[in-house]
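start-v6.csv, holding CSV, N, CA and C atoms:
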chain,number,residue,atom,x,y,z
A,973,MET,N,0.8,-1.2,0.0
A,973,MET,CA,0.0,0.0,0.0
A,973,MET,C,0.9,1.2,0.0
A,974,SER,N,0.8,2.0,-1.1
A,974,SER,CA,1.7,3.2,-1.2
A,974,SER,C,0.9,4.5,-1.0
A,975,ALA,N,-0.4,4.4,-1.1
A,975,ALA,CA,-1.2,5.7,-1.0
A,975,ALA,C,-1.0,6.3,0.4
A,976,ALA,N,-1.0,7.6,0.4
A,976,ALA,CA,-1.0,8.3,1.7
A,976,ALA,C,-2.3,8.0,2.5
A,977,PRO,N,-2.2,7.9,3.8
A,977,PRO,CA,-3.4,7.6,4.6
A,977,PRO,C,-4.4,8.7,4.5
A,978,LEU,N,-5.7,8.3,4.6
A,978,LEU,CA,-6.8,9.2,4.7
A,978,LEU,C,-6.9,9.7,6.1
A,979,ARG,N,-6.8,11.0,6.3
A,979,ARG,CA,-6.7,11.6,7.6
A,979,ARG,C,-8.0,12.2,8.1
A,980,ILE,N,-8.6,11.7,9.2
A,980,ILE,CA,-9.9,12.1,9.7
A,980,ILE,C,-9.7,13.1,10.8
A,981,GLY,N,-10.5,14.1,10.8
A,981,GLY,CA,-10.8,15.0,12.0
A,981,GLY,C,-12.1,14.7,12.5
A,982,LEU,N,-12.3,14.3,13.7
A,982,LEU,CA,-13.5,13.8,14.3
A,982,LEU,C,-14.0,14.8,15.4
A,983,ALA,N,-15.2,15.4,15.1
A,983,ALA,CA,-15.8,16.3,16.0
A,983,ALA,C,-17.0,15.6,16.7
A,984,GLY,N,-16.9,15.4,18.0
A,984,GLY,CA,-18.0,14.8,18.7
A,984,GLY,C,-17.5,13.5,19.3
A,985,LEU,N,-17.4,13.3,20.6
A,985,LEU,CA,-16.9,12.1,21.2
A,985,LEU,C,-17.9,11.5,22.1
A,986,GLY,N,-19.2,11.6,21.7
A,986,GLY,CA,-20.2,10.8,22.4
A,986,GLY,C,-20.3,9.4,22.0
A,987,PRO,N,-21.4,8.7,22.1
A,987,PRO,CA,-21.4,7.3,21.7
A,987,PRO,C,-21.1,7.1,20.3
A,988,VAL,N,-21.6,7.9,19.4
A,988,VAL,CA,-21.3,7.7,17.9
A,988,VAL,C,-19.8,8.0,17.6
A,989,GLY,N,-19.3,9.1,18.1
A,989,GLY,CA,-17.9,9.4,17.9
A,989,GLY,C,-16.9,8.4,18.5
A,990,ILE,N,-17.2,7.9,19.7
A,990,ILE,CA,-16.3,6.9,20.3
A,990,ILE,C,-16.5,5.6,19.5
A,991,GLY,N,-17.6,5.3,19.0
A,991,GLY,CA,-17.8,4.1,18.1
A,991,GLY,C,-16.9,4.2,16.9
A,992,VAL,N,-16.8,5.4,16.3
A,992,VAL,CA,-15.9,5.6,15.1
A,992,VAL,C,-14.5,5.4,15.5
A,993,VAL,N,-14.1,6.0,16.7
A,993,VAL,CA,-12.7,5.8,17.2
A,993,VAL,C,-12.4,4.3,17.3
A,994,LYS,N,-13.3,3.5,17.9
A,994,LYS,CA,-13.1,2.1,18.2
A,994,LYS,C,-13.0,1.3,16.9
A,995,ILE,N,-13.8,1.7,15.9
A,995,ILE,CA,-13.8,1.0,14.6
A,995,ILE,C,-12.4,1.3,13.9
A,996,VAL,N,-12.0,2.5,13.9
A,996,VAL,CA,-10.7,2.8,13.3
A,996,VAL,C,-9.6,2.2,14.0
A,997,GLN,N,-9.6,2.2,15.3
A,997,GLN,CA,-8.5,1.6,16.1
A,997,GLN,C,-8.5,0.1,16.0
A,998,ASP,N,-9.7,-0.6,16.1
A,998,ASP,CA,-9.8,-2.0,16.2
A,998,ASP,C,-9.7,-2.7,14.8
A,999,HIS,N,-10.0,-2.0,13.8
A,999,HIS,CA,-10.1,-2.6,12.4
A,999,HIS,C,-9.2,-1.9,11.4
A,1000,ALA,N,-8.1,-1.3,11.9
A,1000,ALA,CA,-7.2,-0.6,10.9
A,1000,ALA,C,-6.7,-1.4,9.8
A,1001,ASP,N,-6.3,-2.6,10.1
A,1001,ASP,CA,-5.8,-3.5,9.0
A,1001,ASP,C,-6.8,-3.8,8.0
A,1002,LEU,N,-8.0,-4.2,8.5
A,1002,LEU,CA,-9.1,-4.6,7.6
A,1002,LEU,C,-9.5,-3.4,6.7
A,1003,ILE,N,-9.7,-2.2,7.3
A,1003,ILE,CA,-10.0,-1.0,6.6
A,1003,ILE,C,-9.0,-0.7,5.5
A,1004,ALA,N,-7.7,-0.8,5.8
A,1004,ALA,CA,-6.7,-0.6,4.9
A,1004,ALA,C,-6.7,-1.5,3.7
A,1005,ARG,N,-6.9,-2.8,4.0
A,1005,ARG,CA,-7.0,-3.8,2.9
A,1005,ARG,C,-8.2,-3.5,2.0
A,1006,ARG,N,-9.3,-3.2,2.6
A,1006,ARG,CA,-10.6,-3.0,1.8
A,1006,ARG,C,-10.5,-1.7,1.0
A,1007,THR,N,-9.9,-0.7,1.5
A,1007,THR,CA,-9.9,0.7,0.9
A,1007,THR,C,-8.6,0.9,0.1
A,1008,GLY,N,-7.6,0.1,0.3
A,1008,GLY,CA,-6.3,0.4,-0.4
A,1008,GLY,C,-5.4,1.4,0.2
A,1009,ARG,N,-5.8,2.0,1.3
A,1009,ARG,CA,-5.0,2.9,2.0
A,1009,ARG,C,-5.4,2.9,3.5
A,1010,ALA,N,-4.5,3.4,4.3
A,1010,ALA,CA,-4.8,3.5,5.7
A,1010,ALA,C,-5.7,4.6,6.0
A,1011,VAL,N,-6.6,4.4,7.0
A,1011,VAL,CA,-7.5,5.5,7.5
A,1011,VAL,C,-7.1,5.7,8.9
A,1012,VAL,N,-6.7,7.0,9.2
A,1012,VAL,CA,-6.3,7.4,10.5
A,1012,VAL,C,-7.0,8.6,11.0
A,1013,ILE,N,-7.2,8.6,12.3
A,1013,ILE,CA,-7.7,9.8,13.0
A,1013,ILE,C,-6.5,10.7,13.4
A,1014,THR,N,-6.5,11.9,12.9
A,1014,THR,CA,-5.4,12.8,13.3
A,1014,THR,C,-5.7,13.7,14.4
A,1015,ALA,N,-7.0,14.1,14.5
A,1015,ALA,CA,-7.3,15.1,15.5
A,1015,ALA,C,-8.8,14.9,15.9
A,1016,VAL,N,-9.1,15.3,17.1
A,1016,VAL,CA,-10.5,15.2,17.6
A,1016,VAL,C,-10.9,16.5,18.4
A,1017,SER,N,-12.2,16.6,18.6
A,1017,SER,CA,-12.8,17.8,19.3
A,1017,SER,C,-14.0,17.3,20.0
A,1018,ALA,N,-14.2,17.9,21.2
A,1018,ALA,CA,-15.5,17.6,22.0
A,1018,ALA,C,-15.6,18.7,23.0
A,1019,ARG,N,-16.7,18.7,23.7
A,1019,ARG,CA,-16.9,19.8,24.7
A,1019,ARG,C,-15.9,19.7,25.9
A,1020,SER,N,-15.6,18.5,26.3
A,1020,SER,CA,-14.8,18.3,27.5
A,1020,SER,C,-13.6,17.4,27.2
A,1021,LYS,N,-12.4,17.9,27.3
A,1021,LYS,CA,-11.2,17.2,27.0
A,1021,LYS,C,-11.0,16.1,28.1
A,1022,GLY,N,-11.2,16.4,29.3
A,1022,GLY,CA,-10.8,15.5,30.4
A,1022,GLY,C,-11.8,14.3,30.7
A,1023,LYS,N,-12.9,14.3,30.1
A,1023,LYS,CA,-13.9,13.2,30.3
A,1023,LYS,C,-13.3,11.9,30.0
A,1024,ASP,N,-13.6,10.9,30.8
A,1024,ASP,CA,-13.2,9.5,30.5
A,1024,ASP,C,-14.2,8.9,29.6
A,1025,ARG,N,-13.7,8.5,28.4
A,1025,ARG,CA,-14.6,8.0,27.4
A,1025,ARG,C,-14.4,6.5,27.2
A,1026,GLY,N,-13.5,5.9,28.0
A,1026,GLY,CA,-13.2,4.5,27.9
A,1026,GLY,C,-12.4,4.1,26.7
A,1027,VAL,N,-11.7,5.0,26.0
A,1027,VAL,CA,-10.9,4.7,24.9
A,1027,VAL,C,-9.7,5.7,24.9
A,1028,ASN,N,-8.6,5.2,24.5
A,1028,ASN,CA,-7.3,6.0,24.5
A,1028,ASN,C,-7.3,7.0,23.4
A,1029,LEU,N,-7.3,8.3,23.7
A,1029,LEU,CA,-7.3,9.3,22.6
A,1029,LEU,C,-5.9,10.0,22.6
A,1030,ASP,N,-4.9,9.5,23.3
A,1030,ASP,CA,-3.6,10.2,23.4
A,1030,ASP,C,-2.9,10.4,22.0
A,1031,ALA,N,-3.2,9.5,21.1
A,1031,ALA,CA,-2.6,9.6,19.8
A,1031,ALA,C,-3.1,10.7,18.9
A,1032,TYR,N,-4.1,11.4,19.3
A,1032,TYR,CA,-4.8,12.4,18.5
A,1032,TYR,C,-4.6,13.8,19.0
A,1033,ALA,N,-4.4,14.7,18.1
A,1033,ALA,CA,-4.3,16.1,18.5
A,1033,ALA,C,-5.7,16.5,19.0
A,1034,TRP,N,-5.8,17.4,19.9
A,1034,TRP,CA,-7.0,17.9,20.5
A,1034,TRP,C,-7.3,19.3,20.1
A,1035,GLU,N,-8.5,19.6,19.6
A,1035,GLU,CA,-8.9,21.0,19.3
A,1035,GLU,C,-10.1,21.3,20.2
A,1036,ASP,N,-10.0,22.4,20.9
A,1036,ASP,CA,-11.2,22.8,21.7
A,1036,ASP,C,-12.3,23.3,20.8
A,1037,ASP,N,-11.9,23.9,19.7
A,1037,ASP,CA,-12.9,24.5,18.8
A,1037,ASP,C,-13.1,23.6,17.5
A,1038,PRO,N,-14.3,23.1,17.3
A,1038,PRO,CA,-14.5,22.2,16.1
A,1038,PRO,C,-14.3,22.9,14.8
A,1039,VAL,N,-14.4,24.2,14.8
A,1039,VAL,CA,-14.1,25.0,13.5
A,1039,VAL,C,-12.6,24.9,13.2
A,1040,ALA,N,-11.8,25.0,14.3
A,1040,ALA,CA,-10.3,24.9,14.1
A,1040,ALA,C,-10.0,23.5,13.6
A,1041,LEU,N,-10.7,22.5,14.2
A,1041,LEU,CA,-10.4,21.1,13.8
A,1041,LEU,C,-10.8,21.0,12.3
A,1042,ALA,N,-11.9,21.5,11.8
A,1042,ALA,CA,-12.3,21.4,10.5
A,1042,ALA,C,-11.3,22.1,9.5
A,1043,GLN,N,-10.6,23.0,10.0
A,1043,GLN,CA,-9.6,23.7,9.1
A,1043,GLN,C,-8.2,23.3,9.1
A,1044,ARG,N,-7.9,22.2,9.9
A,1044,ARG,CA,-6.5,21.8,10.1
A,1044,ARG,C,-6.0,21.2,8.8
A,1045,ASP,N,-4.7,21.5,8.6
A,1045,ASP,CA,-4.0,21.0,7.4
A,1045,ASP,C,-3.8,19.5,7.4
A,1046,ASP,N,-3.9,18.8,8.5
A,1046,ASP,CA,-3.7,17.4,8.6
A,1046,ASP,C,-5.0,16.6,8.7
A,1047,VAL,N,-6.0,17.2,8.2
A,1047,VAL,CA,-7.4,16.6,8.1
A,1047,VAL,C,-7.8,16.6,6.6
A,1048,ASP,N,-8.1,15.4,6.1
A,1048,ASP,CA,-8.6,15.3,4.7
A,1048,ASP,C,-10.2,15.2,4.7
A,1049,VAL,N,-10.7,14.5,5.7
A,1049,VAL,CA,-12.2,14.4,5.8
A,1049,VAL,C,-12.6,14.8,7.2
A,1050,PHE,N,-13.6,15.6,7.3
A,1050,PHE,CA,-14.1,16.1,8.6
A,1050,PHE,C,-15.3,15.2,8.9
A,1051,VAL,N,-15.3,14.6,10.0
A,1051,VAL,CA,-16.4,13.7,10.5
A,1051,VAL,C,-17.1,14.5,11.6
A,1052,GLU,N,-18.4,14.8,11.4
A,1052,GLU,CA,-19.2,15.6,12.4
A,1052,GLU,C,-20.2,14.7,13.0
A,1053,VAL,N,-20.1,14.4,14.3
A,1053,VAL,CA,-21.1,13.7,15.0
A,1053,VAL,C,-21.4,14.3,16.3
A,1054,MET,N,-21.4,15.7,16.3
A,1054,MET,CA,-21.7,16.4,17.5
A,1054,MET,C,-23.2,16.5,17.8
A,1055,GLY,N,-24.0,16.6,16.7
A,1055,GLY,CA,-25.4,16.8,16.9
A,1055,GLY,C,-25.8,18.3,16.9
A,1056,GLY,N,-27.1,18.6,16.7
A,1056,GLY,CA,-27.6,19.9,16.7
A,1056,GLY,C,-27.5,20.5,15.3
A,1057,HIS,N,-28.5,21.4,14.9
A,1057,HIS,CA,-28.5,21.9,13.6
A,1057,HIS,C,-28.0,23.3,13.5
A,1058,GLU,N,-27.6,23.9,14.6
A,1058,GLU,CA,-27.1,25.3,14.5
A,1058,GLU,C,-25.7,25.3,15.3
A,1059,GLY,N,-25.1,26.4,15.4
A,1059,GLY,CA,-23.9,26.6,16.2
A,1059,GLY,C,-22.8,25.8,15.7
A,1060,ALA,N,-22.1,25.1,16.6
A,1060,ALA,CA,-20.8,24.4,16.3
A,1060,ALA,C,-20.9,23.4,15.2
A,1061,ALA,N,-21.9,22.6,15.2
A,1061,ALA,CA,-22.0,21.6,14.1
A,1061,ALA,C,-22.1,22.3,12.7
A,1062,LYS,N,-23.0,23.2,12.6
A,1062,LYS,CA,-23.2,23.9,11.3
A,1062,LYS,C,-21.9,24.7,11.0
A,1063,ASP,N,-21.4,25.5,11.9
A,1063,ASP,CA,-20.2,26.3,11.7
A,1063,ASP,C,-19.0,25.5,11.2
A,1064,ALA,N,-18.8,24.4,11.9
A,1064,ALA,CA,-17.6,23.5,11.6
A,1064,ALA,C,-17.8,22.8,10.3
A,1065,THR,N,-19.0,22.4,10.0
A,1065,THR,CA,-19.3,21.7,8.7
A,1065,THR,C,-19.0,22.7,7.6
A,1066,GLU,N,-19.5,23.9,7.7
A,1066,GLU,CA,-19.3,24.9,6.6
A,1066,GLU,C,-17.8,25.2,6.5
A,1067,ALA,N,-17.1,25.3,7.7
A,1067,ALA,CA,-15.7,25.6,7.6
A,1067,ALA,C,-14.9,24.5,6.9
A,1068,ALA,N,-15.3,23.3,7.2
A,1068,ALA,CA,-14.6,22.2,6.5
A,1068,ALA,C,-14.8,22.2,5.0
A,1069,LEU,N,-16.0,22.4,4.6
A,1069,LEU,CA,-16.3,22.5,3.1
A,1069,LEU,C,-15.5,23.7,2.5
A,1070,ASN,N,-15.5,24.8,3.2
A,1070,ASN,CA,-14.8,26.0,2.7
A,1070,ASN,C,-13.3,25.8,2.7
A,1071,ALA,N,-12.8,24.9,3.5
A,1071,ALA,CA,-11.4,24.6,3.6
A,1071,ALA,C,-11.0,23.5,2.6
A,1072,GLY,N,-11.9,23.0,1.8
A,1072,GLY,CA,-11.6,22.0,0.9
A,1072,GLY,C,-11.6,20.6,1.4
A,1073,LYS,N,-12.4,20.3,2.5
A,1073,LYS,CA,-12.5,19.0,3.1
A,1073,LYS,C,-13.8,18.4,2.7
A,1074,ASP,N,-13.8,17.0,2.5
A,1074,ASP,CA,-15.0,16.3,2.4
A,1074,ASP,C,-15.6,16.2,3.8
A,1075,VAL,N,-16.9,16.0,3.9
A,1075,VAL,CA,-17.6,15.9,5.2
A,1075,VAL,C,-18.4,14.6,5.3
A,1076,VAL,N,-18.3,13.9,6.4
A,1076,VAL,CA,-19.2,12.8,6.7
A,1076,VAL,C,-19.9,13.2,8.0
A,1077,THR,N,-21.2,13.1,8.0
A,1077,THR,CA,-22.0,13.4,9.2
A,1077,THR,C,-23.1,12.4,9.5
A,1078,ALA,N,-23.3,12.2,10.8
A,1078,ALA,CA,-24.5,11.4,11.2
A,1078,ALA,C,-25.6,12.3,11.7
A,1079,ASN,N,-25.5,13.6,11.5
A,1079,ASN,CA,-26.3,14.6,12.1
A,1079,ASN,C,-27.6,14.8,11.2
A,1080,LYS,N,-28.6,14.1,11.5
A,1080,LYS,CA,-29.9,14.2,10.7
A,1080,LYS,C,-30.5,15.6,10.8
A,1081,ALA,N,-30.4,16.2,12.0
A,1081,ALA,CA,-31.0,17.5,12.2
A,1081,ALA,C,-30.3,18.5,11.3
A,1082,LEU,N,-29.0,18.5,11.3
A,1082,LEU,CA,-28.2,19.4,10.5
A,1082,LEU,C,-28.6,19.3,9.0
A,1083,LEU,N,-28.7,18.0,8.5
A,1083,LEU,CA,-29.1,17.8,7.1
A,1083,LEU,C,-30.5,18.2,6.8
A,1084,ALA,N,-31.4,17.9,7.8
A,1084,ALA,CA,-32.8,18.3,7.6
A,1084,ALA,C,-33.0,19.8,7.5
A,1085,HIS,N,-32.3,20.5,8.3
A,1085,HIS,CA,-32.4,22.0,8.3
A,1085,HIS,C,-31.5,22.7,7.2
A,1086,HIS,N,-30.4,22.1,6.9
A,1086,HIS,CA,-29.4,22.8,6.1
A,1086,HIS,C,-28.8,22.0,4.9
A,1087,GLY,N,-29.4,20.8,4.7
A,1087,GLY,CA,-28.9,19.9,3.7
A,1087,GLY,C,-28.7,20.5,2.4
A,1088,GLN,N,-29.7,21.1,1.8
A,1088,GLN,CA,-29.6,21.7,0.5
A,1088,GLN,C,-28.4,22.7,0.4
A,1089,ALA,N,-28.4,23.6,1.4
A,1089,ALA,CA,-27.4,24.7,1.4
A,1089,ALA,C,-26.0,24.1,1.5
A,1090,LEU,N,-25.9,23.0,2.4
A,1090,LEU,CA,-24.6,22.4,2.6
A,1090,LEU,C,-24.1,21.6,1.3
A,1091,ALA,N,-25.1,21.0,0.7
A,1091,ALA,CA,-24.8,20.3,-0.6
A,1091,ALA,C,-24.3,21.2,-1.6
A,1092,GLU,N,-25.0,22.4,-1.7
A,1092,GLU,CA,-24.5,23.4,-2.7
A,1092,GLU,C,-23.2,24.0,-2.4
A,1093,LEU,N,-22.9,24.2,-1.1
A,1093,LEU,CA,-21.6,24.6,-0.7
A,1093,LEU,C,-20.5,23.6,-1.0
A,1094,ALA,N,-20.8,22.3,-0.7
A,1094,ALA,CA,-19.9,21.3,-1.0
A,1094,ALA,C,-19.6,21.3,-2.5
A,1095,GLU,N,-20.6,21.3,-3.3
A,1095,GLU,CA,-20.4,21.3,-4.8
A,1095,GLU,C,-19.6,22.5,-5.3
A,1096,SER,N,-19.9,23.6,-4.7
A,1096,SER,CA,-19.2,24.8,-5.2
A,1096,SER,C,-17.7,24.8,-4.8
A,1097,ASN,N,-17.3,24.0,-3.8
A,1097,ASN,CA,-16.0,23.8,-3.4
A,1097,ASN,C,-15.3,22.5,-4.0
A,1098,GLY,N,-16.1,21.8,-4.8
A,1098,GLY,CA,-15.6,20.5,-5.4
A,1098,GLY,C,-15.4,19.4,-4.3
A,1099,ARG,N,-16.3,19.5,-3.3
A,1099,ARG,CA,-16.2,18.5,-2.2
A,1099,ARG,C,-17.5,17.8,-2.1
A,1100,VAL,N,-17.6,16.8,-1.2
A,1100,VAL,CA,-18.9,16.1,-1.0
A,1100,VAL,C,-19.2,16.1,0.5
A,1101,ILE,N,-20.5,16.0,0.7
A,1101,ILE,CA,-21.0,15.8,2.1
A,1101,ILE,C,-21.9,14.6,2.1
A,1102,ARG,N,-21.6,13.7,3.0
A,1102,ARG,CA,-22.3,12.4,3.1
A,1102,ARG,C,-22.8,12.2,4.5
Please re-express this file's structure in structure tokens.
Amino acid sequence: MSAAPLRIGLAGLGPVGIGVVKIVQDHADLIARRTGRAVVITAVSARSKGKDRGVNLDAYAWEDDPVALAQRDDVDVFVEVMGGHEGAAKDATEAALNAGKDVVTANKALLAHHGQALAELAESNGRVIR
């Protein structure tokens, strides 16, 4: 495998976000074999840095601000699982698209309220939101 790893910035470390971390940590080899490149988490963001989430996050850079996470140079794909359709979730998703990142979200409220506008923003920046 010679392709550079796909670097994820993960915003939200609740049950869904921690599930993403566990999948990437526990199945890294399988993911790499299936995709043809490694998938790594480079940075994370959540409301509380010190909270025990039952998983080791020491390997990841921490951003207090999800918008800063979305704009990091070492993030290729911004994964938003914070929830809510306004505020941080919307701002960070828009920032990621404007910074040339693809976005993956599990946030149904965000897509219900802003899906069309976000899809248009993604398209105008040559990116995708899924």
Worksheet item: DSSP says strand (DSSP E or B) for which residues of region 980-1099 of chain A? Put them as a list in words?
Response: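 Answer for region 980-1099 of chain A restricted to strand (DSSP E or B) is Ile980, Gly981, Leu982, Ala983, Val1011, Val1012, Ile1013, Thr1014, Ala1015, Val1016, Ser1017, Ala1033, Trp1034, Val1049, Phe1050, Val1051, Glu1052, Asp1074, Val1075, Val1076 and Thr1077 of chain A.
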Practice prompt. Can you work out which one of A:Gly1056, A:Gly989, A:Gly1008, A:Gly981 has the shortest atom-to-atom distance to His1086 (chain A), counting only C-alpha atoms?
Written response: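 Residue with the minimum atom-to-atom distance to His1086 (chain A): A:Gly1056.
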Discussion item. So the first atom is atom N of Trp1034 (chain A) and the second is atom C of Ala1004 (chain A); what is the distance between them in Å, to one decimal place?
Written reply: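 Computed distance, atom N of Trp1034 (chain A) to atom C of Ala1004 (chain A), equals 24.9 Å.
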Practice prompt. Select from region 975-1097 of chain A everything DSSP, run on the backbone, classes as alpha helix (DSSP H), then give the selection as a PyMOL selection string.
Written response: chain A and resi 987-998+1000-1007+1038-1042+1060-1070+1080-1096
Item to complete: Grab the atom C of Gln997 (chain A) to atom N of Ile1013 (chain A) distance for me, in Å with one decimal place.
Response: 9.4 Å
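In terms of minimum interatomic distance to Ala1033 (chain A), A:Ala1015 ranks closest within A:Phe1050, A:Asn1070, A:Val996, A:Ala1015, counting all atoms listed in the file.
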Worksheet item: Near region 1074-1079 of chain A, within 6 Å and counting only N, CA and C atoms, which residues show up once chain neighbours fewer than 3 positions away are dropped, as JSON, numbers by chain?
Response: {"A": [1048, 1049, 1050, 1051, 1052, 1053, 1055, 1068, 1082, 1083, 1084, 1099, 1100, 1101, 1102]}
Worksheet entry | Pick from A:Gly984, A:Gly991, A:Gly1072, A:Gly1059 nearest to Glu1035 (chain A), counting only C-alpha atoms |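 Among the listed residues, the smallest separation from Glu1035 (chain A) belongs to A:Gly984.
Distance annotation: of A:Leu1090, A:Pro977, A:His1057, A:Arg1044, the residue with the minimal separation from Ala1010 (chain A) is A:Pro977; atom set is only N, CA and C atoms.
Among the candidates A:Gln1043, A:Val993, A:Ala1061, A:Gly1087, the residue lying nearest to Asn1028 (chain A) is A:Val993 (atoms considered: only C-alpha atoms).
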Worksheet item: Distance atom N of Val1039 (chain A)-atom N of Ala1091 (chain A), one decimal place?
Response: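 Separation of atom N of Val1039 (chain A) and atom N of Ala1091 (chain A): 18.0 Å.
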Is it possible to dump region 1046-1065 of chain A as a PDB file, in the first residue's frame, including just N, CA and C atoms?
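out_1.pdb, written as the output of this step:
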ATOM      1  N   ASP A1046      -3.866  18.833   8.542  1.00  0.00           N
ATOM      2  CA  ASP A1046      -3.660  17.384   8.614  1.00  0.00           C
ATOM      3  C   ASP A1046      -4.984  16.615   8.669  1.00  0.00           C
ATOM      4  N   VAL A1047      -6.049  17.235   8.179  1.00  0.00           N
ATOM      5  CA  VAL A1047      -7.362  16.594   8.089  1.00  0.00           C
ATOM      6  C   VAL A1047      -7.805  16.605   6.632  1.00  0.00           C
ATOM      7  N   ASP A1048      -8.109  15.418   6.107  1.00  0.00           N
ATOM      8  CA  ASP A1048      -8.639  15.295   4.745  1.00  0.00           C
ATOM      9  C   ASP A1048     -10.156  15.225   4.742  1.00  0.00           C
ATOM     10  N   VAL A1049     -10.711  14.532   5.737  1.00  0.00           N
ATOM     11  CA  VAL A1049     -12.156  14.351   5.849  1.00  0.00           C
ATOM     12  C   VAL A1049     -12.577  14.764   7.247  1.00  0.00           C
ATOM     13  N   PHE A1050     -13.572  15.644   7.312  1.00  0.00           N
ATOM     14  CA  PHE A1050     -14.119  16.095   8.585  1.00  0.00           C
ATOM     15  C   PHE A1050     -15.342  15.247   8.903  1.00  0.00           C
ATOM     16  N   VAL A1051     -15.322  14.579  10.048  1.00  0.00           N
ATOM     17  CA  VAL A1051     -16.439  13.739  10.486  1.00  0.00           C
ATOM     18  C   VAL A1051     -17.132  14.458  11.633  1.00  0.00           C
ATOM     19  N   GLU A1052     -18.397  14.824  11.403  1.00  0.00           N
ATOM     20  CA  GLU A1052     -19.161  15.591  12.388  1.00  0.00           C
ATOM     21  C   GLU A1052     -20.230  14.702  12.997  1.00  0.00           C
ATOM     22  N   VAL A1053     -20.101  14.432  14.286  1.00  0.00           N
ATOM     23  CA  VAL A1053     -21.091  13.653  15.017  1.00  0.00           C
ATOM     24  C   VAL A1053     -21.433  14.325  16.343  1.00  0.00           C
ATOM     25  N   MET A1054     -21.427  15.665  16.339  1.00  0.00           N
ATOM     26  CA  MET A1054     -21.725  16.438  17.543  1.00  0.00           C
ATOM     27  C   MET A1054     -23.220  16.533  17.799  1.00  0.00           C
ATOM     28  N   GLY A1055     -23.982  16.628  16.726  1.00  0.00           N
ATOM     29  CA  GLY A1055     -25.418  16.826  16.865  1.00  0.00           C
ATOM     30  C   GLY A1055     -25.783  18.305  16.885  1.00  0.00           C
ATOM     31  N   GLY A1056     -27.061  18.563  16.705  1.00  0.00           N
ATOM     32  CA  GLY A1056     -27.567  19.932  16.662  1.00  0.00           C
ATOM     33  C   GLY A1056     -27.518  20.488  15.256  1.00  0.00           C
ATOM     34  N   HIS A1057     -28.461  21.371  14.949  1.00  0.00           N
ATOM     35  CA  HIS A1057     -28.505  21.890  13.579  1.00  0.00           C
ATOM     36  C   HIS A1057     -28.009  23.321  13.459  1.00  0.00           C
ATOM     37  N   GLU A1058     -27.616  23.922  14.557  1.00  0.00           N
ATOM     38  CA  GLU A1058     -27.062  25.277  14.536  1.00  0.00           C
ATOM     39  C   GLU A1058     -25.749  25.270  15.309  1.00  0.00           C
ATOM     40  N   GLY A1059     -25.133  26.426  15.417  1.00  0.00           N
ATOM     41  CA  GLY A1059     -23.941  26.552  16.246  1.00  0.00           C
ATOM     42  C   GLY A1059     -22.758  25.769  15.726  1.00  0.00           C
ATOM     43  N   ALA A1060     -22.085  25.075  16.635  1.00  0.00           N
ATOM     44  CA  ALA A1060     -20.804  24.438  16.330  1.00  0.00           C
ATOM     45  C   ALA A1060     -20.894  23.444  15.181  1.00  0.00           C
ATOM     46  N   ALA A1061     -21.930  22.622  15.167  1.00  0.00           N
ATOM     47  CA  ALA A1061     -22.042  21.609  14.105  1.00  0.00           C
ATOM     48  C   ALA A1061     -22.136  22.261  12.736  1.00  0.00           C
ATOM     49  N   LYS A1062     -22.992  23.240  12.604  1.00  0.00           N
ATOM     50  CA  LYS A1062     -23.169  23.929  11.319  1.00  0.00           C
ATOM     51  C   LYS A1062     -21.913  24.730  10.952  1.00  0.00           C
ATOM     52  N   ASP A1063     -21.396  25.472  11.917  1.00  0.00           N
ATOM     53  CA  ASP A1063     -20.220  26.307  11.650  1.00  0.00           C
ATOM     54  C   ASP A1063     -19.010  25.466  11.235  1.00  0.00           C
ATOM     55  N   ALA A1064     -18.778  24.364  11.931  1.00  0.00           N
ATOM     56  CA  ALA A1064     -17.624  23.519  11.626  1.00  0.00           C
ATOM     57  C   ALA A1064     -17.795  22.818  10.283  1.00  0.00           C
ATOM     58  N   THR A1065     -19.008  22.377   9.980  1.00  0.00           N
ATOM     59  CA  THR A1065     -19.261  21.718   8.697  1.00  0.00           C
ATOM     60  C   THR A1065     -19.029  22.691   7.552  1.00  0.00           C
TER      61      THR A1065
END
